[in-house]
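Asker: My structure file model-v8.cif, mmCIF, C-alpha atoms, is below:
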data_target
loop_
_atom_site.group_PDB
_atom_site.id
_atom_site.type_symbol
_atom_site.label_atom_id
_atom_site.label_comp_id
_atom_site.auth_asym_id
_atom_site.auth_seq_id
_atom_site.Cartn_x
_atom_site.Cartn_y
_atom_site.Cartn_z
ATOM 1 C CA MET A 1 -4.298 -31.530 -11.022
ATOM 2 C CA ASN A 2 -3.838 -31.777 -7.260
ATOM 3 C CA TRP A 3 -2.629 -28.254 -6.445
ATOM 4 C CA LYS A 4 -1.681 -29.176 -2.895
ATOM 5 C CA LYS A 5 1.049 -31.423 -4.270
ATOM 6 C CA VAL A 6 2.579 -28.492 -6.152
ATOM 7 C CA SER A 7 3.959 -26.871 -2.998
ATOM 8 C CA GLY A 8 6.084 -29.926 -2.417
ATOM 9 C CA ILE A 9 8.056 -29.587 -5.634
ATOM 10 C CA GLY A 10 8.467 -25.809 -5.740
ATOM 11 C CA LEU A 11 7.258 -23.290 -8.287
ATOM 12 C CA ALA A 12 10.201 -23.373 -10.691
ATOM 13 C CA ALA A 13 10.173 -27.154 -10.803
ATOM 14 C CA PHE A 14 6.423 -27.194 -11.247
ATOM 15 C CA LEU A 15 6.532 -24.766 -14.150
ATOM 16 C CA SER A 16 9.172 -26.890 -15.864
ATOM 17 C CA PHE A 17 7.108 -30.012 -15.209
ATOM 18 C CA SER A 18 3.996 -28.364 -16.659
ATOM 19 C CA LEU A 19 5.788 -27.386 -19.838
ATOM 20 C CA ALA A 20 7.322 -30.830 -20.315
ATOM 21 C CA ALA A 21 3.978 -32.520 -19.739
ATOM 22 C CA CYS A 22 2.464 -30.785 -22.744
ATOM 23 C CA GLY A 23 4.293 -33.157 -25.095
ATOM 24 C CA ASN A 24 3.468 -31.434 -28.359
ATOM 25 C CA GLY A 25 4.785 -28.005 -27.458
ATOM 26 C CA GLU A 26 1.421 -26.768 -26.205
ATOM 27 C CA ASP A 27 1.987 -24.241 -23.388
ATOM 28 C CA THR A 28 -0.113 -24.543 -20.253
ATOM 29 C CA THR A 29 1.305 -21.934 -17.844
ATOM 30 C CA ALA A 30 -0.342 -18.540 -17.518
ATOM 31 C CA GLY A 31 2.845 -16.837 -18.645
ATOM 32 C CA SER A 32 3.064 -19.002 -21.779
ATOM 33 C CA GLU A 33 -0.586 -18.506 -22.636
ATOM 34 C CA ALA A 34 -0.055 -14.751 -22.401
ATOM 35 C CA SER A 35 2.688 -14.991 -25.013
ATOM 36 C CA ASN A 36 0.181 -16.420 -27.519
ATOM 37 C CA LYS A 37 -2.107 -13.428 -27.202
ATOM 38 C CA HIS A 38 -1.830 -10.092 -29.001
ATOM 39 C CA GLU A 39 0.514 -7.845 -27.063
ATOM 40 C CA GLN A 40 0.750 -4.204 -26.086
ATOM 41 C CA GLN A 41 3.594 -2.042 -24.814
ATOM 42 C CA LEU A 42 2.892 -0.125 -21.623
ATOM 43 C CA THR A 43 5.223 2.343 -19.906
ATOM 44 C CA TYR A 44 5.093 2.771 -16.148
ATOM 45 C CA LEU A 45 7.580 4.867 -14.174
ATOM 46 C CA ASP A 46 9.837 5.114 -17.240
ATOM 47 C CA LYS A 47 10.028 1.359 -17.769
ATOM 48 C CA ALA A 48 8.364 -0.488 -20.652
ATOM 49 C CA TYR A 49 6.350 -3.660 -20.110
ATOM 50 C CA THR A 50 4.972 -6.089 -22.693
ATOM 51 C CA LEU A 51 1.485 -7.242 -21.771
ATOM 52 C CA PRO A 52 -1.434 -8.981 -23.469
ATOM 53 C CA THR A 53 -3.718 -6.533 -25.261
ATOM 54 C CA GLU A 54 -6.576 -7.712 -23.057
ATOM 55 C CA THR A 55 -5.692 -7.587 -19.367
ATOM 56 C CA ASP A 56 -8.948 -8.986 -18.037
ATOM 57 C CA THR A 57 -7.372 -11.099 -15.304
ATOM 58 C CA ILE A 58 -5.370 -8.978 -12.863
ATOM 59 C CA VAL A 59 -3.854 -10.239 -9.631
ATOM 60 C CA ALA A 60 -3.369 -7.508 -7.037
ATOM 61 C CA ALA A 61 -0.343 -8.824 -5.156
ATOM 62 C CA SER A 62 0.234 -5.608 -3.214
ATOM 63 C CA LEU A 63 -1.872 -3.673 -0.755
ATOM 64 C CA GLU A 64 -1.212 -0.537 -2.790
ATOM 65 C CA SER A 65 -2.838 -2.023 -5.903
ATOM 66 C CA MET A 66 -5.680 -3.357 -3.767
ATOM 67 C CA GLU A 67 -6.407 0.129 -2.445
ATOM 68 C CA ASP A 68 -6.373 1.521 -5.973
ATOM 69 C CA ALA A 69 -8.693 -1.268 -7.109
ATOM 70 C CA ALA A 70 -11.087 -0.265 -4.335
ATOM 71 C CA VAL A 71 -11.273 3.403 -5.354
ATOM 72 C CA LEU A 72 -11.647 2.555 -9.062
ATOM 73 C CA GLY A 73 -14.312 -0.074 -8.470
ATOM 74 C CA VAL A 74 -12.130 -2.807 -9.945
ATOM 75 C CA GLU A 75 -12.432 -6.422 -8.793
ATOM 76 C CA PRO A 76 -9.123 -8.237 -9.283
ATOM 77 C CA ALA A 77 -8.999 -11.974 -9.794
ATOM 78 C CA GLY A 78 -6.867 -12.346 -6.690
ATOM 79 C CA ALA A 79 -5.721 -10.200 -3.782
ATOM 80 C CA LEU A 80 -3.597 -10.471 -0.661
ATOM 81 C CA SER A 81 -4.776 -11.420 2.783
ATOM 82 C CA VAL A 82 -3.809 -10.066 6.184
ATOM 83 C CA GLY A 83 -3.966 -12.650 8.919
ATOM 84 C CA GLY A 84 -5.572 -15.048 6.454
ATOM 85 C CA GLU A 85 -8.488 -12.750 5.620
ATOM 86 C CA THR A 86 -9.335 -9.894 3.284
ATOM 87 C CA PRO A 87 -8.204 -6.678 5.032
ATOM 88 C CA ALA A 88 -11.267 -5.414 6.871
ATOM 89 C CA TYR A 89 -10.969 -1.879 5.522
ATOM 90 C CA LEU A 90 -11.154 -3.153 1.934
ATOM 91 C CA GLU A 91 -13.632 -5.961 2.480
ATOM 92 C CA GLY A 92 -16.567 -3.939 1.221
ATOM 93 C CA ASN A 93 -14.829 -3.521 -2.144
ATOM 94 C CA LEU A 94 -12.972 -6.817 -2.433
ATOM 95 C CA ALA A 95 -15.266 -9.282 -0.681
ATOM 96 C CA GLY A 96 -15.233 -12.631 -2.456
ATOM 97 C CA VAL A 97 -11.961 -12.033 -4.309
ATOM 98 C CA GLU A 98 -9.646 -15.085 -4.269
ATOM 99 C CA LEU A 99 -6.994 -14.747 -1.560
ATOM 100 C CA ILE A 100 -3.445 -15.364 -2.801
ATOM 101 C CA GLY A 101 -1.408 -15.338 0.408
ATOM 102 C CA GLU A 102 -0.018 -12.810 2.868
ATOM 103 C CA LYS A 103 1.385 -9.443 1.825
ATOM 104 C CA MET A 104 5.051 -10.512 1.781
ATOM 105 C CA GLN A 105 4.375 -14.203 1.135
ATOM 106 C CA PRO A 106 2.208 -14.640 -1.971
ATOM 107 C CA ASN A 107 1.128 -18.180 -2.735
ATOM 108 C CA TYR A 108 2.520 -18.926 -6.187
ATOM 109 C CA GLU A 109 0.421 -22.034 -6.748
ATOM 110 C CA THR A 110 -2.825 -20.193 -6.020
ATOM 111 C CA ILE A 111 -1.831 -17.361 -8.344
ATOM 112 C CA LEU A 112 -0.951 -19.869 -11.066
ATOM 113 C CA THR A 113 -4.471 -21.339 -10.984
ATOM 114 C CA LEU A 114 -5.921 -17.893 -11.719
ATOM 115 C CA GLU A 115 -4.006 -17.670 -15.024
ATOM 116 C CA PRO A 116 -3.398 -13.921 -14.697
ATOM 117 C CA ASP A 117 -2.673 -11.605 -17.611
ATOM 118 C CA VAL A 118 -0.694 -9.330 -15.312
ATOM 119 C CA ILE A 119 0.385 -9.318 -11.669
ATOM 120 C CA LEU A 120 0.668 -6.067 -9.739
ATOM 121 C CA GLY A 121 3.330 -6.953 -7.189
ATOM 122 C CA SER A 122 4.852 -4.696 -4.578
ATOM 123 C CA SER A 123 8.004 -2.701 -5.210
ATOM 124 C CA LYS A 124 8.975 -3.893 -1.722
ATOM 125 C CA PHE A 125 9.168 -7.523 -2.857
ATOM 126 C CA PRO A 126 12.660 -9.043 -2.756
ATOM 127 C CA GLU A 127 14.113 -10.143 -6.089
ATOM 128 C CA ASP A 128 13.385 -13.846 -5.577
ATOM 129 C CA VAL A 129 9.680 -13.186 -5.010
ATOM 130 C CA ARG A 130 9.506 -10.858 -8.008
ATOM 131 C CA LYS A 131 11.199 -13.437 -10.217
ATOM 132 C CA SER A 132 8.885 -16.246 -9.125
ATOM 133 C CA LEU A 133 5.834 -14.105 -9.839
ATOM 134 C CA ASN A 134 7.240 -13.079 -13.205
ATOM 135 C CA ASP A 135 7.572 -16.759 -14.104
ATOM 136 C CA ILE A 136 3.783 -16.933 -13.883
ATOM 137 C CA ALA A 137 2.883 -13.698 -15.694
ATOM 138 C CA MET A 138 4.347 -10.271 -16.341
ATOM 139 C CA THR A 139 4.740 -8.726 -12.910
ATOM 140 C CA ILE A 140 4.837 -4.963 -12.495
ATOM 141 C CA PRO A 141 6.421 -3.703 -9.243
ATOM 142 C CA TYR A 142 3.598 -1.440 -8.091
ATOM 143 C CA SER A 143 5.251 1.449 -6.287
ATOM 144 C CA HIS A 144 4.938 1.863 -2.524
ATOM 145 C CA ILE A 145 6.377 5.388 -2.734
ATOM 146 C CA ALA A 146 3.700 8.011 -2.049
ATOM 147 C CA GLU A 147 4.907 10.427 -4.722
ATOM 148 C CA ASN A 148 4.065 7.805 -7.374
ATOM 149 C CA TRP A 149 0.402 7.540 -6.412
ATOM 150 C CA GLU A 150 -0.860 9.202 -9.567
ATOM 151 C CA GLU A 151 1.205 6.946 -11.831
ATOM 152 C CA ASN A 152 -0.100 3.932 -9.894
ATOM 153 C CA LEU A 153 -3.711 4.951 -10.354
ATOM 154 C CA GLU A 154 -3.181 5.764 -14.023
ATOM 155 C CA LEU A 155 -1.583 2.355 -14.554
ATOM 156 C CA LEU A 156 -4.541 0.487 -13.095
ATOM 157 C CA GLY A 157 -6.917 2.744 -14.969
ATOM 158 C CA SER A 158 -5.134 1.912 -18.223
ATOM 159 C CA LEU A 159 -5.209 -1.822 -17.518
ATOM 160 C CA THR A 160 -8.926 -1.806 -16.736
ATOM 161 C CA GLY A 161 -10.281 0.774 -19.188
ATOM 162 C CA LYS A 162 -10.912 3.258 -16.382
ATOM 163 C CA GLU A 163 -8.576 6.029 -17.473
ATOM 164 C CA GLU A 164 -11.270 8.697 -17.126
ATOM 165 C CA GLU A 165 -12.202 7.592 -13.619
ATOM 166 C CA ALA A 166 -8.541 7.677 -12.579
ATOM 167 C CA ALA A 167 -8.068 11.166 -14.006
ATOM 168 C CA GLU A 168 -11.200 12.373 -12.219
ATOM 169 C CA LEU A 169 -10.034 10.976 -8.874
ATOM 170 C CA ILE A 170 -6.674 12.692 -9.258
ATOM 171 C CA ALA A 171 -8.281 16.020 -10.170
ATOM 172 C CA ASP A 172 -10.721 15.770 -7.256
ATOM 173 C CA TYR A 173 -7.900 15.102 -4.817
ATOM 174 C CA HIS A 174 -5.971 18.175 -5.923
ATOM 175 C CA ALA A 175 -9.115 20.297 -5.627
ATOM 176 C CA ASP A 176 -9.794 18.927 -2.144
ATOM 177 C CA THR A 177 -6.209 19.716 -1.162
ATOM 178 C CA GLU A 178 -6.641 23.352 -2.114
ATOM 179 C CA SER A 179 -9.880 23.514 -0.102
ATOM 180 C CA ALA A 180 -8.139 21.952 2.894
ATOM 181 C CA LYS A 181 -5.323 24.485 2.718
ATOM 182 C CA ALA A 182 -7.859 27.299 2.757
ATOM 183 C CA GLU A 183 -9.644 25.765 5.750
ATOM 184 C CA ILE A 184 -6.509 25.242 7.793
ATOM 185 C CA GLY A 185 -4.973 28.541 6.750
ATOM 186 C CA GLU A 186 -1.762 29.732 8.390
ATOM 187 C CA LYS A 187 -2.630 28.806 11.967
ATOM 188 C CA LEU A 188 -0.425 25.696 12.005
ATOM 189 C CA GLN A 189 2.761 27.177 10.549
ATOM 190 C CA ASP A 190 4.390 27.358 13.981
ATOM 191 C CA LYS A 191 3.176 23.934 15.122
ATOM 192 C CA LYS A 192 4.918 20.562 15.099
ATOM 193 C CA ILE A 193 2.795 17.860 13.490
ATOM 194 C CA LEU A 194 4.022 14.279 13.501
ATOM 195 C CA VAL A 195 2.898 10.853 12.303
ATOM 196 C CA VAL A 196 4.096 7.918 14.409
ATOM 197 C CA ARG A 197 3.425 4.266 13.689
ATOM 198 C CA ILE A 198 3.659 1.577 16.377
ATOM 199 C CA ARG A 199 5.158 -1.629 14.985
ATOM 200 C CA SER A 200 6.396 -4.576 17.057
ATOM 201 C CA GLY A 201 5.893 -2.413 20.121
ATOM 202 C CA SER A 202 8.288 0.321 18.948
ATOM 203 C CA LEU A 203 7.663 3.829 17.611
ATOM 204 C CA TYR A 204 8.524 4.671 13.999
ATOM 205 C CA ILE A 205 8.620 7.799 11.897
ATOM 206 C CA TYR A 206 9.059 8.228 8.131
ATOM 207 C CA PRO A 207 10.670 10.652 5.665
ATOM 208 C CA GLU A 208 8.530 13.596 4.588
ATOM 209 C CA ASN A 209 7.423 12.003 1.280
ATOM 210 C CA VAL A 210 6.663 8.537 2.684
ATOM 211 C CA TYR A 211 3.539 7.021 4.222
ATOM 212 C CA LEU A 212 0.996 9.602 5.473
ATOM 213 C CA ASN A 213 3.626 12.337 5.627
ATOM 214 C CA SER A 214 3.164 13.123 1.939
ATOM 215 C CA VAL A 215 -0.289 14.521 2.719
ATOM 216 C CA LEU A 216 0.780 16.674 5.664
ATOM 217 C CA TYR A 217 4.035 18.095 4.396
ATOM 218 C CA GLY A 218 3.781 17.765 0.628
ATOM 219 C CA ASP A 219 0.112 18.362 -0.170
ATOM 220 C CA LEU A 220 -0.909 20.595 2.738
ATOM 221 C CA GLY A 221 2.469 22.310 2.982
ATOM 222 C CA LEU A 222 2.704 22.017 6.775
ATOM 223 C CA PRO A 223 6.107 22.600 8.423
ATOM 224 C CA VAL A 224 8.374 19.525 8.458
ATOM 225 C CA PRO A 225 9.867 18.649 11.860
ATOM 226 C CA GLU A 226 13.658 18.259 11.806
ATOM 227 C CA VAL A 227 13.389 14.637 12.909
ATOM 228 C CA VAL A 228 11.338 13.896 9.797
ATOM 229 C CA THR A 229 13.711 15.795 7.524
ATOM 230 C CA ALA A 230 16.603 13.716 8.875
ATOM 231 C CA ALA A 231 14.838 10.362 8.409
ATOM 232 C CA LYS A 232 16.058 8.386 5.380
ATOM 233 C CA ALA A 233 13.598 5.508 5.704
ATOM 234 C CA GLN A 234 11.308 4.024 8.328
ATOM 235 C CA GLU A 235 13.196 4.929 11.485
ATOM 236 C CA GLU A 236 12.666 4.036 15.120
ATOM 237 C CA ILE A 237 12.257 6.921 17.530
ATOM 238 C CA SER A 238 12.739 6.578 21.279
ATOM 239 C CA MET A 239 10.282 7.893 23.837
ATOM 240 C CA GLU A 240 12.870 10.406 24.972
ATOM 241 C CA LYS A 241 13.400 11.651 21.431
ATOM 242 C CA LEU A 242 9.650 11.925 20.894
ATOM 243 C CA ALA A 243 9.401 14.044 24.023
ATOM 244 C CA ASP A 244 12.293 16.164 22.772
ATOM 245 C CA VAL A 245 10.488 16.764 19.466
ATOM 246 C CA ASN A 246 7.396 17.576 21.532
ATOM 247 C CA PRO A 247 4.753 17.477 18.796
ATOM 248 C CA ASP A 248 1.714 19.716 19.097
ATOM 249 C CA TYR A 249 -0.356 17.291 17.027
ATOM 250 C CA LEU A 250 0.322 13.575 16.832
ATOM 251 C CA PHE A 251 -1.254 11.112 14.404
ATOM 252 C CA LEU A 252 -0.704 7.718 15.993
ATOM 253 C CA GLN A 253 -1.244 4.545 13.941
ATOM 254 C CA PHE A 254 -1.569 1.168 15.662
ATOM 255 C CA GLU A 255 -2.494 -2.130 13.997
ATOM 256 C CA THR A 256 -2.906 -5.247 16.124
ATOM 257 C CA THR A 257 -1.474 -7.632 13.509
ATOM 258 C CA GLU A 258 1.731 -5.563 13.444
ATOM 259 C CA ASN A 259 2.041 -5.814 17.216
ATOM 260 C CA ALA A 260 1.059 -9.410 17.852
ATOM 261 C CA GLU A 261 3.678 -9.860 20.576
ATOM 262 C CA ASN A 262 3.174 -6.368 21.994
ATOM 263 C CA ALA A 263 -0.600 -6.171 22.210
ATOM 264 C CA SER A 264 -0.539 -3.562 24.988
ATOM 265 C CA ALA A 265 1.916 -1.222 23.231
ATOM 266 C CA LEU A 266 -0.684 1.469 22.567
ATOM 267 C CA GLU A 267 -1.999 1.460 26.119
ATOM 268 C CA ASP A 268 1.539 1.424 27.474
ATOM 269 C CA LEU A 269 2.418 4.470 25.415
ATOM 270 C CA GLN A 270 -0.623 6.416 26.543
ATOM 271 C CA ALA A 271 0.149 5.591 30.182
ATOM 272 C CA ASN A 272 3.815 6.566 29.883
ATOM 273 C CA ASP A 273 4.692 9.587 32.038
ATOM 274 C CA ILE A 274 7.175 10.932 29.492
ATOM 275 C CA PHE A 275 4.596 10.703 26.725
ATOM 276 C CA LYS A 276 2.103 12.592 28.864
ATOM 277 C CA THR A 277 4.439 15.617 28.960
ATOM 278 C CA THR A 278 4.155 16.239 25.196
ATOM 279 C CA ASN A 279 1.987 19.129 24.024
ATOM 280 C CA ALA A 280 -0.075 16.735 21.916
ATOM 281 C CA ALA A 281 -0.960 14.572 24.917
ATOM 282 C CA LYS A 282 -1.572 17.504 27.260
ATOM 283 C CA ASN A 283 -3.876 19.269 24.802
ATOM 284 C CA ASP A 284 -5.765 16.156 23.663
ATOM 285 C CA HIS A 285 -4.252 16.361 20.182
ATOM 286 C CA VAL A 286 -3.288 12.699 19.870
ATOM 287 C CA PHE A 287 -5.316 11.173 17.053
ATOM 288 C CA ILE A 288 -5.318 7.370 17.111
ATOM 289 C CA ASN A 289 -5.947 5.640 13.783
ATOM 290 C CA ALA A 290 -7.291 8.694 11.967
ATOM 291 C CA ILE A 291 -7.586 6.253 9.070
ATOM 292 C CA ASP A 292 -7.378 2.479 9.123
ATOM 293 C CA PRO A 293 -3.955 1.462 10.486
ATOM 294 C CA LEU A 294 -3.389 -0.959 7.621
ATOM 295 C CA ALA A 295 -3.775 1.823 5.042
ATOM 296 C CA GLN A 296 -0.587 2.103 3.007
ATOM 297 C CA GLY A 297 -0.485 5.890 3.062
ATOM 298 C CA GLY A 298 0.699 6.654 -0.451
ATOM 299 C CA THR A 299 -2.299 5.624 -2.554
ATOM 300 C CA ALA A 300 -5.394 7.407 -3.812
ATOM 301 C CA TRP A 301 -7.478 5.548 -1.189
ATOM 302 C CA SER A 302 -5.157 6.423 1.700
ATOM 303 C CA LYS A 303 -4.476 10.002 0.651
ATOM 304 C CA THR A 304 -8.141 10.805 0.105
ATOM 305 C CA LYS A 305 -9.181 9.314 3.447
ATOM 306 C CA PHE A 306 -6.297 10.848 5.386
ATOM 307 C CA LEU A 307 -6.672 14.288 3.803
ATOM 308 C CA LYS A 308 -10.264 14.392 5.010
ATOM 309 C CA ALA A 309 -9.416 13.076 8.484
ATOM 310 C CA ALA A 310 -6.358 15.293 8.954
ATOM 311 C CA THR A 311 -8.206 18.413 7.847
ATOM 312 C CA GLU A 312 -11.013 17.735 10.319
ATOM 313 C CA LYS A 313 -8.620 17.040 13.192
ATOM 314 C CA LEU A 314 -6.287 19.959 12.542
ATOM 315 C CA ALA A 315 -9.139 22.415 12.041
ATOM 316 C CA GLU A 316 -10.587 21.692 15.486
#
The structure in this file should be written as structure tokens.

Answerer:
Amino acid sequence: MNWKKVSGIGLAAFLSFSLAACGNGEDTTAGSEASNKHEQQLTYLDKAYTLPTETDTIVAASLESMEDAAVLGVEPAGALSVGGETPAYLEGNLAGVELIGEKMQPNYETILTLEPDVILGSSKFPEDVRKSLNDIAMTIPYSHIAENWEENLELLGSLTGKEEEAAELIADYHADTESAKAEIGEKLQDKKILVVRIRSGSLYIYPENVYLNSVLYGDLGLPVPEVVTAAKAQEEISMEKLADVNPDYLFLQFETTENAENASALEDLQANDIFKTTNAAKNDHVFINAIDPLAQGGTAWSKTKFLKAATEKLAE
């Protein structure tokens, strides 16, 4: 089969063609093969999914599932690329894994060749992408919401026979959180601590339970700035508003691939006279990329790394 020709006829048409070509009713698609296997029922975030009993071939079609695979020592059959390559911060764990397209543009034909038992897509995928993936194999919308990180890890642990490892990671994180609280103590209860992400040259904040905020405000119990409380989703914040908030500590995340047309955005911000008036800038409490800027924030990998980094920075 010349897989390059598949892209010219589209996934849905190709799947129909593949089925018709069997002649004697023999299924050839990954999704059809899965239906001939013994099945299991699995519940994730209150929704039931029917999967093959053996889920040996997993495609991680979300950065969240890739981060969880890294912490569990799981090697998926396929994973997403960023800029055409394995994300550098996960390369040590996922080196050599088949790349299946960019994070919001999975390559259906490549995924089809892997014959997956299950696909861990992103809950951020639009319906058309989710449907196309589900035509290949059962696709579970792996949550991008930070408060679901434990359920995410437990799901992957269940699929890979690493339930005990997942439970241990969760328990360790909660223990580390309590230690961090004791180290930081009460000294930050009157301070404003903010996470800002630079994307397309603009500044963005998030609700208190999204991205890295879940560690600061939820797990460490630090005071939530009003601007964060008011945010309903990723929300742009102007330089003037940032100065008005006047954070005492600022975690600033900047990824070059998210600012391709604004490559100097970070330097421009640091040189901005208004920015320099903030307490964080004046007191050298601006922490740039405390963890890798591609980290998704609400996963076991991100939370563990950021908890450690934030505790060290805030305890200085």

Asker: Taking only residues of stretch 141-208 of chain A that have an atom at most 8 Å from an atom of stretch 104-124 of chain A, what is each one's shortest atom pair and its distance in Å to one decimal, using all atoms listed in the file, in chain and number order, as CSV?

Answerer:
residue,atom,partner,partner_atom,distance
A:Pro141,CA,A:Ser123,CA,4.4
A:Tyr142,CA,A:Ser122,CA,5.0
A:Ser143,CA,A:Ser123,CA,5.1
A:His144,CA,A:Ser123,CA,6.1

Asker: Could you state the separation of atom CA of A:Tyr217 and atom CA of A:Pro126 in Å, given to one decimal place?

Answerer: 29.4 Å

Asker: From the options A:Ile58, A:Ala280, A:Met239, A:Leu307, which residue's atoms come nearest to A:Met138, counting only C-alpha atoms?

Answerer: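 Closest candidate: A:Ile58.
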
Asker: Please write the residues picked by the PyMOL selection byres ((chain A and resi 170-173) around 12) on this file as a ChimeraX atom specification.

Answerer: /A:68,71-72,148-154,157,163-169,174-180,215,219-220,299-308

Asker: Which residue gives the smallest distance to A:Ala231 among A:Asp273, A:Val59, A:Ile205, A:Gly73, with only C-alpha atoms counted?

Answerer: A:Ile205

Asker: Hey, what comes out of the PyMOL selection byres ((chain A and resi 287) around 10) on this file? Could you write it as a ChimeraX atom specification?

Answerer: /A:195,249-253,280-281,284-286,288-291,309-310,313-314

Asker: Rank A:Val228, A:Ala60, A:Leu216, A:Ala315 by their smallest atom-to-atom distance to A:Gly297, using only C-alpha atoms, and report the top residue only.

Answerer: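 Answer, going by the shortest atom-to-atom distance: A:Leu216.
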
Asker: Using only C-alpha atoms, find the one residue out of A:Lys181, A:Lys191, A:Lys131, A:Lys232 that sits nearest to A:Asn209.

Answerer: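 When distances to A:Asn209 are compared using only C-alpha atoms, the smallest one comes from A:Lys232.
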
Asker: State, in Å with one decimal place, the distance from atom CA of A:Phe275 to atom CA of A:Ala260.

Answerer: 22.3 Å

Asker: If I take atom CA of A:Glu67 and atom CA of A:Asn134, how far is one from the other in Å, to one decimal?

Answerer: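 Here the two named atoms are 21.8 Å from each other.
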
Asker: I'd like the box whose edges run along x, y and z of the file and which contains every listed atom of stretch 147-163 of chain A, padded by 4 Å per side; could you state its centre and edge lengths in Å, one decimal, as JSON?

Answerer:
{"center_x": -3.0, "center_y": 4.3, "center_z": -12.0, "size_x": 23.8, "size_y": 20.2, "size_z": 22.5}

Asker: What residues come out when you apply the PyMOL selection byres ((chain A and resi 45-54) around 9) to this file, written as number ranges by chain?

Answerer: A: 34-44, 55-57, 117-118, 137-140, 143, 148, 151-152, 159-160

Asker: Go through A:Leu90, A:Gly83, A:Ala263, A:Arg130 one by one, measure the shortest atom-to-atom distance of each to A:Ala61 using all atoms listed in the file, and give the residue with the smallest value.

Answerer: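 Answer, going by the shortest atom-to-atom distance: A:Arg130.
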
Asker: Would you mind writing stretch 72-85 of chain A with N, CA and C atoms, as a CSV table (one decimal), in the frame of the given file?

Answerer:
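Contents of selection_27.csv, freshly written:
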chain,number,residue,atom,x,y,z
A,72,LEU,N,-11.2,2.6,-7.7
A,72,LEU,CA,-11.6,2.6,-9.1
A,72,LEU,C,-12.8,1.6,-9.3
A,73,GLY,N,-13.2,0.9,-8.3
A,73,GLY,CA,-14.3,-0.1,-8.5
A,73,GLY,C,-13.9,-1.3,-9.3
A,74,VAL,N,-12.6,-1.7,-9.2
A,74,VAL,CA,-12.1,-2.8,-9.9
A,74,VAL,C,-12.1,-4.0,-9.0
A,75,GLU,N,-12.5,-5.2,-9.6
A,75,GLU,CA,-12.4,-6.4,-8.8
A,75,GLU,C,-11.4,-7.3,-9.4
A,76,PRO,N,-10.2,-7.4,-8.8
A,76,PRO,CA,-9.1,-8.2,-9.3
A,76,PRO,C,-9.5,-9.7,-9.1
A,77,ALA,N,-8.8,-10.5,-9.9
A,77,ALA,CA,-9.0,-12.0,-9.8
A,77,ALA,C,-8.5,-12.5,-8.5
A,78,GLY,N,-7.4,-11.9,-8.0
A,78,GLY,CA,-6.9,-12.3,-6.7
A,78,GLY,C,-6.3,-11.2,-5.9
A,79,ALA,N,-6.2,-11.3,-4.6
A,79,ALA,CA,-5.7,-10.2,-3.8
A,79,ALA,C,-5.1,-10.8,-2.5
A,80,LEU,N,-4.3,-10.0,-1.9
A,80,LEU,CA,-3.6,-10.5,-0.7
A,80,LEU,C,-4.5,-10.5,0.6
A,81,SER,N,-4.1,-11.3,1.5
A,81,SER,CA,-4.8,-11.4,2.8
A,81,SER,C,-3.9,-10.8,3.9
A,82,VAL,N,-4.5,-10.5,5.0
A,82,VAL,CA,-3.8,-10.1,6.2
A,82,VAL,C,-4.4,-10.9,7.3
A,83,GLY,N,-3.5,-11.7,7.9
A,83,GLY,CA,-4.0,-12.6,8.9
A,83,GLY,C,-4.9,-13.7,8.4
A,84,GLY,N,-4.8,-14.0,7.1
A,84,GLY,CA,-5.6,-15.0,6.5
A,84,GLY,C,-6.9,-14.6,6.0
A,85,GLU,N,-7.2,-13.3,6.0
A,85,GLU,CA,-8.5,-12.8,5.6
A,85,GLU,C,-8.3,-11.5,4.8
